[in-house]
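Structure first, commentary second.
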Amino acid sequence: MSSRYSGLRDIFIDSVEKESYIDLEYTQYNYKLLKSSLEKPLKMILLYGRPGTGKSMLLNKLYHNLKNSREIYYFEAPILSEKEFLIRIIESISSYQVPNNMRVNFDALLKYCQSIRGKREIIFLLDECQLYSESLMEKIRLLSDTRVVKFVITLHKTDNEEVIAKEHFKTRIWEVIEMKNASDSDLEYYIRKKMVKKGFMEISNMLKKKDFKYIYSFTKGNFRETNKYMYTIFTIYEYYDKREPNKLSTKRFSKKILEMSALKLGYING
């Protein structure tokens, strides 16, 4: 037996796909700031914030919006091997397939970038840079010094920021954009918009201000936590819809299921 709550649950699977992006007031501001930063003679742009604040979503949106008009590449997952990372850079810049057994000559890559200075500007979007080694970050710094390659890097707001904060990066990161959790009103808009976009307006209307305040009290406006909480809520809704549908109201949202979900995720103690 199928349940409409299955489809509703699945829209809250944590994803960075362009279709999942919801424009909020503060994310629109950060997007415009990020896009305008690319027009400036900056070597590196840092986008940082706690996990779940929308950094990856913003990079993904930027890539899809600019890929047909700019020379831009998005490394969605960190490439921890220096050799593999440099191969991806070389292949992106040159459109040349690097043989597996070929030695990567970093000095030659730098010289090539210097030779095309003023002719091309190549943008690389690098996610999860807190996972990169200091040695690899140094190579990224040197590539940015050619002024041919421009990097937009994301970083979790953790102790690992120390690599980026070192003096040789401070002089190169000229734009720093901090991502924060959504406000309570933005979070309400985010949840409603995701539901309405997929045709669940009736269920969206069941959620009242008090329900959103309850959700916000646990998630604090963090998108990852919000998605996890909403996914759990509608998993429980699906369970009752299939087995005991008479227990579900069609007029108001279930406070009991909100509490059960919070218990399941450890937000509150039993």
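How things are named: the first chain in the structure tokens is A, the next is B, and so on; residues count from 1 in each chain; ligands count from 1 in the order shown.
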
Write out as a list in words each polymer residue whose atoms come within 10 Å of A:Ser183, counting only C-alpha atoms; drop sequence neighbours fewer than 4 positions from it.
Leu24, Glu25, Tyr26, Leu187, Glu188, Tyr189, Tyr216, Lys220, Gly221 and Asn222 of chain A

Could you name the residues that touch A:Val176 at 10 Å or less, counting only C-alpha atoms, but leaving out those on the same chain fewer than 5 positions away, as number ranges by chain?
A: 33-34, 37, 44-48, 152-153

Could you take the residues named above and write them with N, CA and C atoms, as a PDB file, in the first residue's frame?
ATOM      1  N   LEU A  33      26.570  38.130  -3.356  1.00  0.00           N
ATOM      2  CA  LEU A  33      27.904  38.512  -2.901  1.00  0.00           C
ATOM      3  C   LEU A  33      28.965  37.599  -3.510  1.00  0.00           C
ATOM      4  N   LEU A  34      28.680  36.303  -3.523  1.00  0.00           N
ATOM      5  CA  LEU A  34      29.615  35.340  -4.085  1.00  0.00           C
ATOM      6  C   LEU A  34      29.792  35.562  -5.588  1.00  0.00           C
ATOM      7  N   SER A  37      31.769  38.635  -6.287  1.00  0.00           N
ATOM      8  CA  SER A  37      33.175  38.444  -5.917  1.00  0.00           C
ATOM      9  C   SER A  37      33.970  37.843  -7.065  1.00  0.00           C
ATOM     10  N   MET A  44      41.342  34.044  -4.224  1.00  0.00           N
ATOM     11  CA  MET A  44      40.592  33.010  -3.514  1.00  0.00           C
ATOM     12  C   MET A  44      39.430  33.649  -2.777  1.00  0.00           C
ATOM     13  N   ILE A  45      38.333  32.916  -2.718  1.00  0.00           N
ATOM     14  CA  ILE A  45      37.136  33.359  -2.000  1.00  0.00           C
ATOM     15  C   ILE A  45      36.767  32.241  -1.033  1.00  0.00           C
ATOM     16  N   LEU A  46      36.576  32.593   0.204  1.00  0.00           N
ATOM     17  CA  LEU A  46      36.276  31.597   1.235  1.00  0.00           C
ATOM     18  C   LEU A  46      34.807  31.688   1.639  1.00  0.00           C
ATOM     19  N   LEU A  47      34.154  30.537   1.594  1.00  0.00           N
ATOM     20  CA  LEU A  47      32.773  30.403   2.044  1.00  0.00           C
ATOM     21  C   LEU A  47      32.810  29.444   3.230  1.00  0.00           C
ATOM     22  N   TYR A  48      32.456  29.941   4.415  1.00  0.00           N
ATOM     23  CA  TYR A  48      32.583  29.061   5.571  1.00  0.00           C
ATOM     24  C   TYR A  48      31.375  29.152   6.494  1.00  0.00           C
ATOM     25  N   VAL A 152      37.144  29.156  -5.317  1.00  0.00           N
ATOM     26  CA  VAL A 152      36.137  29.397  -4.283  1.00  0.00           C
ATOM     27  C   VAL A 152      36.161  28.152  -3.413  1.00  0.00           C
ATOM     28  N   ILE A 153      36.497  28.297  -2.160  1.00  0.00           N
ATOM     29  CA  ILE A 153      36.634  27.143  -1.279  1.00  0.00           C
ATOM     30  C   ILE A 153      35.634  27.227  -0.130  1.00  0.00           C
TER      31      ILE A 153
END

Top pick for closest residue to A:Tyr214, considering A:Ala77, A:Ile22, A:Leu110, A:Leu258 and counting only C-alpha atoms:
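Between A:Ala77, A:Ile22, A:Leu110, A:Leu258, the residue approaching A:Tyr214 most closely is A:Leu258.
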
If you run DSSP on the backbone here, which positions in stretch 99-269 of chain A get helix (DSSP H, G or I)? Please write them as a short mmCIF file (atom, residue, chain, number, x, y, z; two decimals) with N, CA, C and O atoms, in the first residue's frame.
data_model
loop_
_atom_site.label_atom_id
_atom_site.label_comp_id
_atom_site.auth_asym_id
_atom_site.auth_seq_id
_atom_site.Cartn_x
_atom_site.Cartn_y
_atom_site.Cartn_z
N PHE A 106 54.11 19.39 -11.27
CA PHE A 106 53.43 20.58 -10.77
C PHE A 106 54.05 21.87 -11.31
O PHE A 106 53.36 22.83 -11.63
N ASP A 107 55.37 21.89 -11.42
CA ASP A 107 56.05 23.08 -11.96
C ASP A 107 55.61 23.36 -13.39
O ASP A 107 55.43 24.52 -13.78
N ALA A 108 55.42 22.31 -14.17
CA ALA A 108 54.96 22.48 -15.56
C ALA A 108 53.55 23.02 -15.59
O ALA A 108 53.20 23.86 -16.44
N LEU A 109 52.73 22.58 -14.63
CA LEU A 109 51.36 23.09 -14.54
C LEU A 109 51.37 24.59 -14.22
O LEU A 109 50.62 25.37 -14.83
N LEU A 110 52.22 24.99 -13.29
CA LEU A 110 52.32 26.41 -12.94
C LEU A 110 52.78 27.24 -14.15
O LEU A 110 52.22 28.31 -14.43
N LYS A 111 53.75 26.71 -14.86
CA LYS A 111 54.27 27.44 -16.03
C LYS A 111 53.21 27.57 -17.12
O LYS A 111 53.09 28.60 -17.78
N TYR A 112 52.41 26.51 -17.29
CA TYR A 112 51.34 26.55 -18.29
C TYR A 112 50.31 27.62 -17.91
O TYR A 112 49.87 28.41 -18.76
N CYS A 113 49.95 27.65 -16.62
CA CYS A 113 48.99 28.66 -16.16
C CYS A 113 49.54 30.07 -16.39
O CYS A 113 48.81 30.97 -16.83
N GLN A 114 50.81 30.25 -16.09
CA GLN A 114 51.43 31.56 -16.29
C GLN A 114 51.44 31.96 -17.77
O GLN A 114 51.30 33.12 -18.12
N SER A 115 51.54 30.95 -18.65
CA SER A 115 51.60 31.24 -20.09
C SER A 115 50.26 31.69 -20.66
O SER A 115 50.21 32.32 -21.72
N CYS A 129 36.96 21.78 2.05
CA CYS A 129 38.42 21.95 2.01
C CYS A 129 39.09 21.69 3.35
O CYS A 129 40.32 21.59 3.40
N GLN A 130 38.32 21.57 4.42
CA GLN A 130 38.95 21.24 5.70
C GLN A 130 39.55 19.84 5.67
O GLN A 130 40.35 19.48 6.53
N LEU A 131 39.18 19.04 4.66
CA LEU A 131 39.70 17.68 4.54
C LEU A 131 41.01 17.62 3.77
O LEU A 131 41.68 16.59 3.77
N GLU A 134 47.65 20.13 4.33
CA GLU A 134 48.31 21.43 4.25
C GLU A 134 49.15 21.53 2.98
O GLU A 134 49.22 22.58 2.34
N SER A 135 49.75 20.41 2.60
CA SER A 135 50.57 20.39 1.39
C SER A 135 49.73 20.68 0.14
O SER A 135 50.13 21.44 -0.74
N LEU A 136 48.55 20.08 0.09
CA LEU A 136 47.67 20.31 -1.06
C LEU A 136 47.14 21.74 -1.06
O LEU A 136 47.05 22.39 -2.12
N MET A 137 46.81 22.26 0.11
CA MET A 137 46.34 23.65 0.19
C MET A 137 47.45 24.61 -0.26
O MET A 137 47.17 25.66 -0.84
N GLU A 138 48.70 24.26 -0.01
CA GLU A 138 49.82 25.09 -0.47
C GLU A 138 49.88 25.11 -2.00
O GLU A 138 50.13 26.15 -2.62
N LYS A 139 49.62 23.98 -2.63
CA LYS A 139 49.60 23.93 -4.09
C LYS A 139 48.44 24.74 -4.65
O LYS A 139 48.56 25.41 -5.69
N ILE A 140 47.32 24.70 -3.97
CA ILE A 140 46.17 25.53 -4.38
C ILE A 140 46.54 27.01 -4.29
O ILE A 140 46.22 27.81 -5.17
N ARG A 141 47.25 27.36 -3.22
CA ARG A 141 47.71 28.75 -3.06
C ARG A 141 48.61 29.16 -4.22
O ARG A 141 48.46 30.25 -4.78
N LEU A 142 49.55 28.30 -4.58
CA LEU A 142 50.49 28.62 -5.65
C LEU A 142 49.78 28.74 -6.99
O LEU A 142 50.11 29.61 -7.81
N LEU A 143 48.80 27.89 -7.22
CA LEU A 143 48.02 27.99 -8.45
C LEU A 143 47.24 29.31 -8.50
O LEU A 143 47.15 29.95 -9.55
N SER A 144 46.71 29.72 -7.36
CA SER A 144 45.96 30.98 -7.33
C SER A 144 46.88 32.18 -7.59
O SER A 144 46.44 33.20 -8.12
N ASP A 159 37.99 23.78 14.16
CA ASP A 159 39.39 24.05 14.48
C ASP A 159 40.29 23.92 13.25
O ASP A 159 41.39 24.46 13.22
N ASN A 160 39.84 23.20 12.24
CA ASN A 160 40.66 23.00 11.04
C ASN A 160 40.84 24.27 10.22
O ASN A 160 41.54 24.28 9.23
N GLU A 161 40.17 25.35 10.63
CA GLU A 161 40.34 26.62 9.94
C GLU A 161 41.77 27.15 10.05
O GLU A 161 42.15 28.04 9.32
N GLU A 162 42.55 26.57 10.95
CA GLU A 162 43.90 27.09 11.18
C GLU A 162 44.74 27.05 9.90
O GLU A 162 45.59 27.92 9.69
N VAL A 163 44.50 26.07 9.01
CA VAL A 163 45.27 25.99 7.76
C VAL A 163 44.99 27.21 6.90
O VAL A 163 45.89 27.83 6.34
N ILE A 164 43.73 27.57 6.80
CA ILE A 164 43.35 28.71 5.98
C ILE A 164 43.78 30.02 6.63
O ILE A 164 44.09 30.99 5.95
N ALA A 165 43.82 30.03 7.93
CA ALA A 165 44.09 31.29 8.64
C ALA A 165 45.56 31.69 8.63
O ALA A 165 45.89 32.80 9.01
N GLU A 167 49.19 33.02 7.57
CA GLU A 167 49.49 34.30 6.91
C GLU A 167 49.48 34.21 5.39
O GLU A 167 48.99 35.08 4.71
N HIS A 168 50.05 33.12 4.82
CA HIS A 168 50.14 33.07 3.36
C HIS A 168 48.78 32.91 2.70
O HIS A 168 48.65 33.12 1.50
N PHE A 169 47.75 32.55 3.49
CA PHE A 169 46.40 32.51 2.91
C PHE A 169 45.65 33.81 3.18
O PHE A 169 44.83 34.23 2.38
N LYS A 170 45.94 34.43 4.29
CA LYS A 170 45.25 35.69 4.62
C LYS A 170 45.45 36.74 3.54
O LYS A 170 44.58 37.57 3.30
N ASP A 184 14.07 31.82 12.20
CA ASP A 184 12.84 31.03 12.34
C ASP A 184 11.87 31.28 11.19
O ASP A 184 11.23 30.36 10.69
N SER A 185 11.78 32.53 10.73
CA SER A 185 10.86 32.83 9.63
C SER A 185 11.37 32.23 8.31
O SER A 185 10.59 31.72 7.50
N ASP A 186 12.70 32.28 8.10
CA ASP A 186 13.27 31.68 6.89
C ASP A 186 13.11 30.16 6.90
O ASP A 186 12.87 29.54 5.86
N LEU A 187 13.23 29.57 8.08
CA LEU A 187 13.07 28.12 8.17
C LEU A 187 11.64 27.71 7.83
O LEU A 187 11.42 26.71 7.14
N GLU A 188 10.69 28.47 8.32
CA GLU A 188 9.29 28.20 7.98
C GLU A 188 9.08 28.27 6.47
O GLU A 188 8.45 27.40 5.87
N TYR A 189 9.64 29.31 5.85
CA TYR A 189 9.51 29.48 4.40
C TYR A 189 10.18 28.30 3.68
O TYR A 189 9.63 27.77 2.70
N TYR A 190 11.33 27.89 4.16
CA TYR A 190 12.09 26.78 3.56
C TYR A 190 11.25 25.49 3.55
O TYR A 190 11.13 24.81 2.52
N ILE A 191 10.67 25.16 4.70
CA ILE A 191 9.89 23.93 4.81
C ILE A 191 8.64 24.00 3.95
O ILE A 191 8.32 23.07 3.20
N ARG A 192 7.93 25.12 4.04
CA ARG A 192 6.69 25.27 3.26
C ARG A 192 6.98 25.20 1.76
O ARG A 192 6.26 24.55 1.00
N LYS A 193 8.03 25.91 1.34
CA LYS A 193 8.36 25.97 -0.09
C LYS A 193 8.71 24.60 -0.63
O LYS A 193 8.28 24.22 -1.74
N LYS A 194 9.46 23.81 0.12
CA LYS A 194 9.81 22.47 -0.32
C LYS A 194 8.56 21.60 -0.49
O LYS A 194 8.45 20.82 -1.44
N MET A 195 7.61 21.77 0.41
CA MET A 195 6.39 20.98 0.37
C MET A 195 5.48 21.42 -0.78
O MET A 195 4.97 20.60 -1.54
N VAL A 196 5.33 22.71 -0.92
CA VAL A 196 4.42 23.25 -1.95
C VAL A 196 4.96 22.96 -3.35
O VAL A 196 4.20 22.66 -4.26
N LYS A 197 6.28 23.06 -3.53
CA LYS A 197 6.90 22.79 -4.84
C LYS A 197 6.57 21.40 -5.34
O LYS A 197 6.49 21.17 -6.55
N MET A 201 0.58 21.14 -0.71
CA MET A 201 0.10 22.38 -0.09
C MET A 201 -0.86 22.10 1.06
O MET A 201 -0.83 22.77 2.10
N GLU A 202 -1.72 21.10 0.89
CA GLU A 202 -2.71 20.80 1.93
C GLU A 202 -2.03 20.44 3.25
O GLU A 202 -2.43 20.92 4.33
N ILE A 203 -0.98 19.62 3.18
CA ILE A 203 -0.27 19.22 4.40
C ILE A 203 0.54 20.40 4.93
O ILE A 203 0.65 20.60 6.14
N SER A 204 1.09 21.21 4.03
CA SER A 204 1.82 22.41 4.45
C SER A 204 0.92 23.33 5.26
O SER A 204 1.34 23.91 6.27
N ASN A 205 -0.33 23.46 4.84
CA ASN A 205 -1.28 24.34 5.55
C ASN A 205 -1.65 23.80 6.92
O ASN A 205 -2.14 24.56 7.77
N MET A 206 -1.42 22.50 7.14
CA MET A 206 -1.70 21.94 8.47
C MET A 206 -0.67 22.41 9.50
O MET A 206 -0.95 22.44 10.70
N LYS A 209 2.14 28.10 13.16
CA LYS A 209 3.30 28.80 13.73
C LYS A 209 3.90 28.04 14.91
O LYS A 209 5.12 27.94 15.05
N LYS A 210 3.05 27.51 15.76
CA LYS A 210 3.53 26.81 16.95
C LYS A 210 4.32 25.55 16.57
O LYS A 210 5.28 25.17 17.25
N ASP A 211 3.91 24.91 15.46
CA ASP A 211 4.63 23.73 14.99
C ASP A 211 6.02 24.11 14.49
O ASP A 211 7.01 23.42 14.78
N PHE A 212 6.11 25.21 13.76
CA PHE A 212 7.41 25.66 13.25
C PHE A 212 8.32 26.11 14.40
O PHE A 212 9.53 25.88 14.36
N LYS A 213 7.74 26.72 15.41
CA LYS A 213 8.55 27.11 16.57
C LYS A 213 9.11 25.88 17.27
O LYS A 213 10.25 25.87 17.74
N TYR A 214 8.28 24.83 17.31
CA TYR A 214 8.72 23.58 17.94
C TYR A 214 9.87 22.97 17.14
O TYR A 214 10.88 22.54 17.70
N ILE A 215 9.72 22.95 15.83
CA ILE A 215 10.78 22.41 14.95
C ILE A 215 12.06 23.23 15.10
O ILE A 215 13.16 22.69 15.24
N TYR A 216 11.90 24.56 15.11
CA TYR A 216 13.06 25.45 15.20
C TYR A 216 13.78 25.30 16.54
O TYR A 216 15.00 25.44 16.62
N SER A 217 13.03 24.98 17.59
CA SER A 217 13.64 24.86 18.92
C SER A 217 14.69 23.75 18.96
O SER A 217 15.62 23.80 19.77
N PHE A 218 14.57 22.77 18.07
CA PHE A 218 15.54 21.67 18.02
C PHE A 218 16.58 21.87 16.92
O PHE A 218 17.76 21.55 17.11
N THR A 219 16.16 22.35 15.77
CA THR A 219 17.09 22.43 14.63
C THR A 219 17.87 23.74 14.59
O THR A 219 18.91 23.81 13.93
N PHE A 223 19.89 23.57 8.18
CA PHE A 223 19.18 22.85 7.13
C PHE A 223 19.36 21.34 7.24
O PHE A 223 18.42 20.58 6.99
N ARG A 224 20.54 20.89 7.59
CA ARG A 224 20.78 19.45 7.70
C ARG A 224 19.95 18.85 8.82
O ARG A 224 19.33 17.79 8.65
N GLU A 225 19.92 19.52 9.97
CA GLU A 225 19.11 19.03 11.08
C GLU A 225 17.62 19.10 10.74
O GLU A 225 16.84 18.21 11.10
N THR A 226 17.22 20.16 10.04
CA THR A 226 15.82 20.32 9.67
C THR A 226 15.38 19.20 8.73
O THR A 226 14.31 18.60 8.90
N ASN A 227 16.21 18.93 7.72
CA ASN A 227 15.88 17.85 6.78
C ASN A 227 15.77 16.51 7.50
O ASN A 227 14.87 15.71 7.22
N LYS A 228 16.69 16.27 8.42
CA LYS A 228 16.69 15.01 9.18
C LYS A 228 15.42 14.90 10.03
O LYS A 228 14.79 13.83 10.09
N TYR A 229 15.06 16.01 10.66
CA TYR A 229 13.87 16.01 11.51
C TYR A 229 12.61 15.81 10.68
O TYR A 229 11.75 14.97 11.01
N MET A 230 12.46 16.55 9.58
CA MET A 230 11.26 16.43 8.74
C MET A 230 11.17 15.05 8.10
O MET A 230 10.08 14.48 7.98
N TYR A 231 12.30 14.49 7.71
CA TYR A 231 12.32 13.14 7.14
C TYR A 231 11.79 12.14 8.17
O TYR A 231 11.00 11.25 7.84
N THR A 232 12.24 12.29 9.40
CA THR A 232 11.78 11.38 10.47
C THR A 232 10.30 11.56 10.74
O THR A 232 9.56 10.57 10.93
N ILE A 233 9.84 12.80 10.78
CA ILE A 233 8.41 13.08 11.01
C ILE A 233 7.54 12.38 9.98
O ILE A 233 6.58 11.69 10.32
N PHE A 234 7.90 12.51 8.71
CA PHE A 234 7.04 11.94 7.68
C PHE A 234 7.24 10.44 7.49
O PHE A 234 6.38 9.77 6.92
N THR A 235 8.34 9.91 8.02
CA THR A 235 8.49 8.45 8.07
C THR A 235 7.48 7.88 9.06
O THR A 235 6.84 6.84 8.79
N ILE A 236 7.30 8.55 10.19
CA ILE A 236 6.32 8.11 11.18
C ILE A 236 4.90 8.34 10.65
O ILE A 236 4.02 7.49 10.83
N TYR A 237 4.68 9.46 9.98
CA TYR A 237 3.38 9.70 9.35
C TYR A 237 3.04 8.57 8.36
O TYR A 237 1.91 8.08 8.31
N GLU A 238 4.04 8.18 7.58
CA GLU A 238 3.83 7.11 6.60
C GLU A 238 3.44 5.81 7.30
O GLU A 238 2.55 5.09 6.85
N TYR A 239 4.11 5.52 8.40
CA TYR A 239 3.82 4.30 9.16
C TYR A 239 2.35 4.27 9.59
O TYR A 239 1.65 3.28 9.38
N TYR A 240 1.86 5.37 10.19
CA TYR A 240 0.47 5.41 10.65
C TYR A 240 -0.52 5.43 9.48
O TYR A 240 -1.60 4.85 9.55
N ASP A 241 -0.12 6.11 8.41
CA ASP A 241 -1.01 6.19 7.25
C ASP A 241 -1.27 4.82 6.66
O ASP A 241 -2.37 4.54 6.17
N LYS A 242 -0.27 3.94 6.71
CA LYS A 242 -0.42 2.60 6.17
C LYS A 242 -1.11 1.64 7.13
O LYS A 242 -1.80 0.69 6.69
N ARG A 243 -0.95 1.86 8.43
CA ARG A 243 -1.43 0.87 9.40
C ARG A 243 -2.62 1.35 10.23
O ARG A 243 -3.54 0.58 10.50
N PRO A 245 -4.54 4.70 9.79
CA PRO A 245 -4.82 6.04 9.24
C PRO A 245 -5.84 6.83 10.04
O PRO A 245 -5.85 8.06 9.99
N ASN A 246 -6.71 6.13 10.79
CA ASN A 246 -7.72 6.82 11.58
C ASN A 246 -7.11 7.67 12.69
O ASN A 246 -7.77 8.56 13.25
N LYS A 247 -5.83 7.44 13.00
CA LYS A 247 -5.16 8.21 14.06
C LYS A 247 -4.57 9.53 13.54
O LYS A 247 -4.05 10.31 14.32
N LYS A 255 1.07 16.83 17.08
CA LYS A 255 2.09 17.19 18.07
C LYS A 255 2.77 15.92 18.61
O LYS A 255 3.97 15.92 18.89
N LYS A 256 1.99 14.85 18.68
CA LYS A 256 2.53 13.59 19.17
C LYS A 256 3.65 13.09 18.25
O LYS A 256 4.70 12.64 18.73
N ILE A 257 3.45 13.20 16.93
CA ILE A 257 4.47 12.72 15.99
C ILE A 257 5.69 13.65 16.01
O ILE A 257 6.83 13.19 15.88
N LEU A 258 5.47 14.94 16.21
CA LEU A 258 6.59 15.86 16.36
C LEU A 258 7.44 15.45 17.56
O LEU A 258 8.68 15.45 17.50
N GLU A 259 6.78 15.09 18.65
CA GLU A 259 7.49 14.69 19.86
C GLU A 259 8.17 13.33 19.68
O GLU A 259 9.31 13.14 20.11
N MET A 260 7.48 12.40 19.03
CA MET A 260 8.06 11.08 18.78
C MET A 260 9.33 11.19 17.94
O MET A 260 10.33 10.51 18.19
N SER A 261 9.28 12.06 16.94
CA SER A 261 10.44 12.26 16.07
C SER A 261 11.60 12.87 16.85
O SER A 261 12.76 12.50 16.65
N ALA A 262 11.28 13.84 17.72
CA ALA A 262 12.32 14.47 18.54
C ALA A 262 12.94 13.45 19.49
O ALA A 262 14.17 13.47 19.71
N LEU A 263 12.13 12.56 20.00
CA LEU A 263 12.64 11.48 20.87
C LEU A 263 13.56 10.55 20.08
O LEU A 263 14.65 10.19 20.54
N LYS A 264 13.11 10.17 18.90
CA LYS A 264 13.88 9.24 18.07
C LYS A 264 15.25 9.81 17.70
O LYS A 264 16.25 9.07 17.67
#

For A:Arg9, which residue among A:Lys35, A:Leu59, A:Val148, A:Lys198 is the nearest when counting only C-alpha atoms?
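Counting only C-alpha atoms, the residue closest to A:Arg9 is A:Lys198.
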
Distance query A:Lys61 at most 12 Å, only C-alpha atoms, self and fewer than 2 positions along chain excluded, as a PyMOL selection string
chain A and resi 16-23+27-28+30-32+34-35+54-59+63-67+74+76+125

Would you save the residues from that selection as a compact mmCIF listing (two decimals), in the first residue's frame, using N, CA, C and O atoms?
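For reference, selection25.txt as written:
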# COMPACT_ATOMS: atom_id res chain seq x y z
N VAL A 16 22.20 18.26 -2.33
CA VAL A 16 22.69 19.56 -2.81
C VAL A 16 22.29 19.80 -4.26
O VAL A 16 22.78 20.71 -4.90
N GLU A 17 21.39 18.97 -4.78
CA GLU A 17 20.97 19.14 -6.17
C GLU A 17 20.30 20.50 -6.36
O GLU A 17 19.64 21.02 -5.45
N LYS A 18 20.46 21.05 -7.56
CA LYS A 18 19.92 22.37 -7.87
C LYS A 18 18.41 22.44 -7.63
O LYS A 18 17.88 23.44 -7.17
N GLU A 19 17.72 21.33 -7.91
CA GLU A 19 16.26 21.30 -7.74
C GLU A 19 15.85 21.42 -6.28
O GLU A 19 14.72 21.78 -5.96
N SER A 20 16.79 21.08 -5.37
CA SER A 20 16.48 21.13 -3.94
C SER A 20 16.70 22.52 -3.35
O SER A 20 16.36 22.76 -2.19
N TYR A 21 17.29 23.42 -4.13
CA TYR A 21 17.65 24.73 -3.61
C TYR A 21 16.41 25.58 -3.38
O TYR A 21 15.53 25.67 -4.23
N ILE A 22 16.35 26.20 -2.22
CA ILE A 22 15.26 27.12 -1.88
C ILE A 22 15.87 28.48 -1.61
O ILE A 22 16.73 28.62 -0.74
N ASP A 23 15.44 29.48 -2.36
CA ASP A 23 15.95 30.84 -2.17
C ASP A 23 15.37 31.47 -0.92
O ASP A 23 14.15 31.63 -0.80
N THR A 27 20.21 33.73 1.87
CA THR A 27 20.97 32.95 0.89
C THR A 27 21.04 33.72 -0.44
O THR A 27 22.04 33.62 -1.16
N GLN A 28 20.00 34.47 -0.76
CA GLN A 28 20.04 35.32 -1.96
C GLN A 28 21.14 36.35 -1.83
O GLN A 28 21.88 36.61 -2.79
N ASN A 30 23.88 36.14 0.03
CA ASN A 30 25.19 35.47 -0.05
C ASN A 30 25.51 35.04 -1.48
O ASN A 30 26.66 35.09 -1.92
N TYR A 31 24.49 34.62 -2.21
CA TYR A 31 24.70 34.22 -3.60
C TYR A 31 25.15 35.43 -4.44
O TYR A 31 26.10 35.33 -5.23
N LYS A 32 24.46 36.55 -4.27
CA LYS A 32 24.83 37.76 -5.02
C LYS A 32 26.23 38.23 -4.65
O LYS A 32 27.01 38.66 -5.51
N LEU A 34 28.68 36.30 -3.52
CA LEU A 34 29.61 35.34 -4.08
C LEU A 34 29.79 35.56 -5.59
O LEU A 34 30.92 35.58 -6.10
N LYS A 35 28.69 35.77 -6.28
CA LYS A 35 28.74 35.98 -7.74
C LYS A 35 29.50 37.27 -8.08
O LYS A 35 30.31 37.29 -9.01
N GLY A 54 24.30 25.41 4.34
CA GLY A 54 23.98 25.61 2.93
C GLY A 54 25.14 25.96 2.03
O GLY A 54 24.94 26.43 0.91
N LYS A 55 26.37 25.68 2.48
CA LYS A 55 27.55 26.02 1.67
C LYS A 55 27.57 25.24 0.35
O LYS A 55 27.77 25.80 -0.72
N SER A 56 27.37 23.93 0.45
CA SER A 56 27.42 23.09 -0.75
C SER A 56 26.29 23.44 -1.71
O SER A 56 26.46 23.44 -2.93
N MET A 57 25.11 23.73 -1.16
CA MET A 57 23.97 24.12 -1.99
C MET A 57 24.29 25.38 -2.77
O MET A 57 23.95 25.51 -3.96
N LEU A 58 24.95 26.33 -2.12
CA LEU A 58 25.27 27.59 -2.77
C LEU A 58 26.28 27.38 -3.90
O LEU A 58 26.15 27.96 -4.97
N LEU A 59 27.30 26.55 -3.64
CA LEU A 59 28.28 26.25 -4.69
C LEU A 59 27.61 25.57 -5.88
O LEU A 59 27.90 25.88 -7.04
N TYR A 63 27.49 26.97 -9.69
CA TYR A 63 28.04 26.21 -10.81
C TYR A 63 27.01 26.06 -11.93
O TYR A 63 27.32 26.33 -13.11
N HIS A 64 25.82 25.64 -11.59
CA HIS A 64 24.80 25.42 -12.62
C HIS A 64 24.36 26.71 -13.30
O HIS A 64 24.02 26.70 -14.49
N ASN A 65 24.38 27.80 -12.58
CA ASN A 65 23.98 29.08 -13.17
C ASN A 65 25.06 29.68 -14.07
O ASN A 65 24.74 30.45 -14.98
N LEU A 66 26.33 29.33 -13.83
CA LEU A 66 27.42 29.95 -14.58
C LEU A 66 28.11 29.03 -15.58
O LEU A 66 28.91 29.50 -16.40
N LYS A 67 27.81 27.75 -15.55
CA LYS A 67 28.60 26.79 -16.35
C LYS A 67 28.50 27.03 -17.85
O LYS A 67 29.39 26.62 -18.60
N TYR A 74 33.37 22.34 -10.76
CA TYR A 74 32.91 22.10 -9.40
C TYR A 74 33.41 20.75 -8.92
O TYR A 74 33.06 19.72 -9.49
N GLU A 76 32.74 18.55 -6.28
CA GLU A 76 31.73 18.37 -5.24
C GLU A 76 32.26 17.59 -4.04
O GLU A 76 31.96 17.90 -2.89
N LEU A 125 35.50 25.50 -7.97
CA LEU A 125 34.71 25.49 -6.75
C LEU A 125 35.08 24.23 -5.97
O LEU A 125 34.85 23.11 -6.45

Extract the full set of strand (DSSP E) residues from stretch 33-133 of chain A according to DSSP on the backbone, and format it as a ChimeraX atom specification.
/A:44-49,72-75,122-126

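Computed from the coordinates, the atom CA of A:Arg70 to atom CA of A:Trp174 distance equals 20.7 Å.
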
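Across the model, the gap from atom CA of A:Gly7 to atom CA of A:Lys180 is 28.7 Å.
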
Nearest to A:Glu178, restricted to only C-alpha atoms and choosing among A:Lys150, A:Arg4, A:His156, A:Lys208, comes out as A:His156

Pairwise distance for atom CA of A:Arg103 and atom CA of A:Glu84, rounded to one decimal in Å:
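Interatomic distance, atom CA of A:Arg103 to atom CA of A:Glu84: 10.9 Å.
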
Among the residues A:Lys157, A:Asp127, A:Gly199, A:Thr250, the one that comes closest to A:Pro51 [using only C-alpha atoms]
A:Lys157

Counting only C-alpha atoms, figure out which residue out of A:Ser36, A:Ser254, A:Asn105, A:Ser69 gets nearest to A:Lys83.
A:Asn105
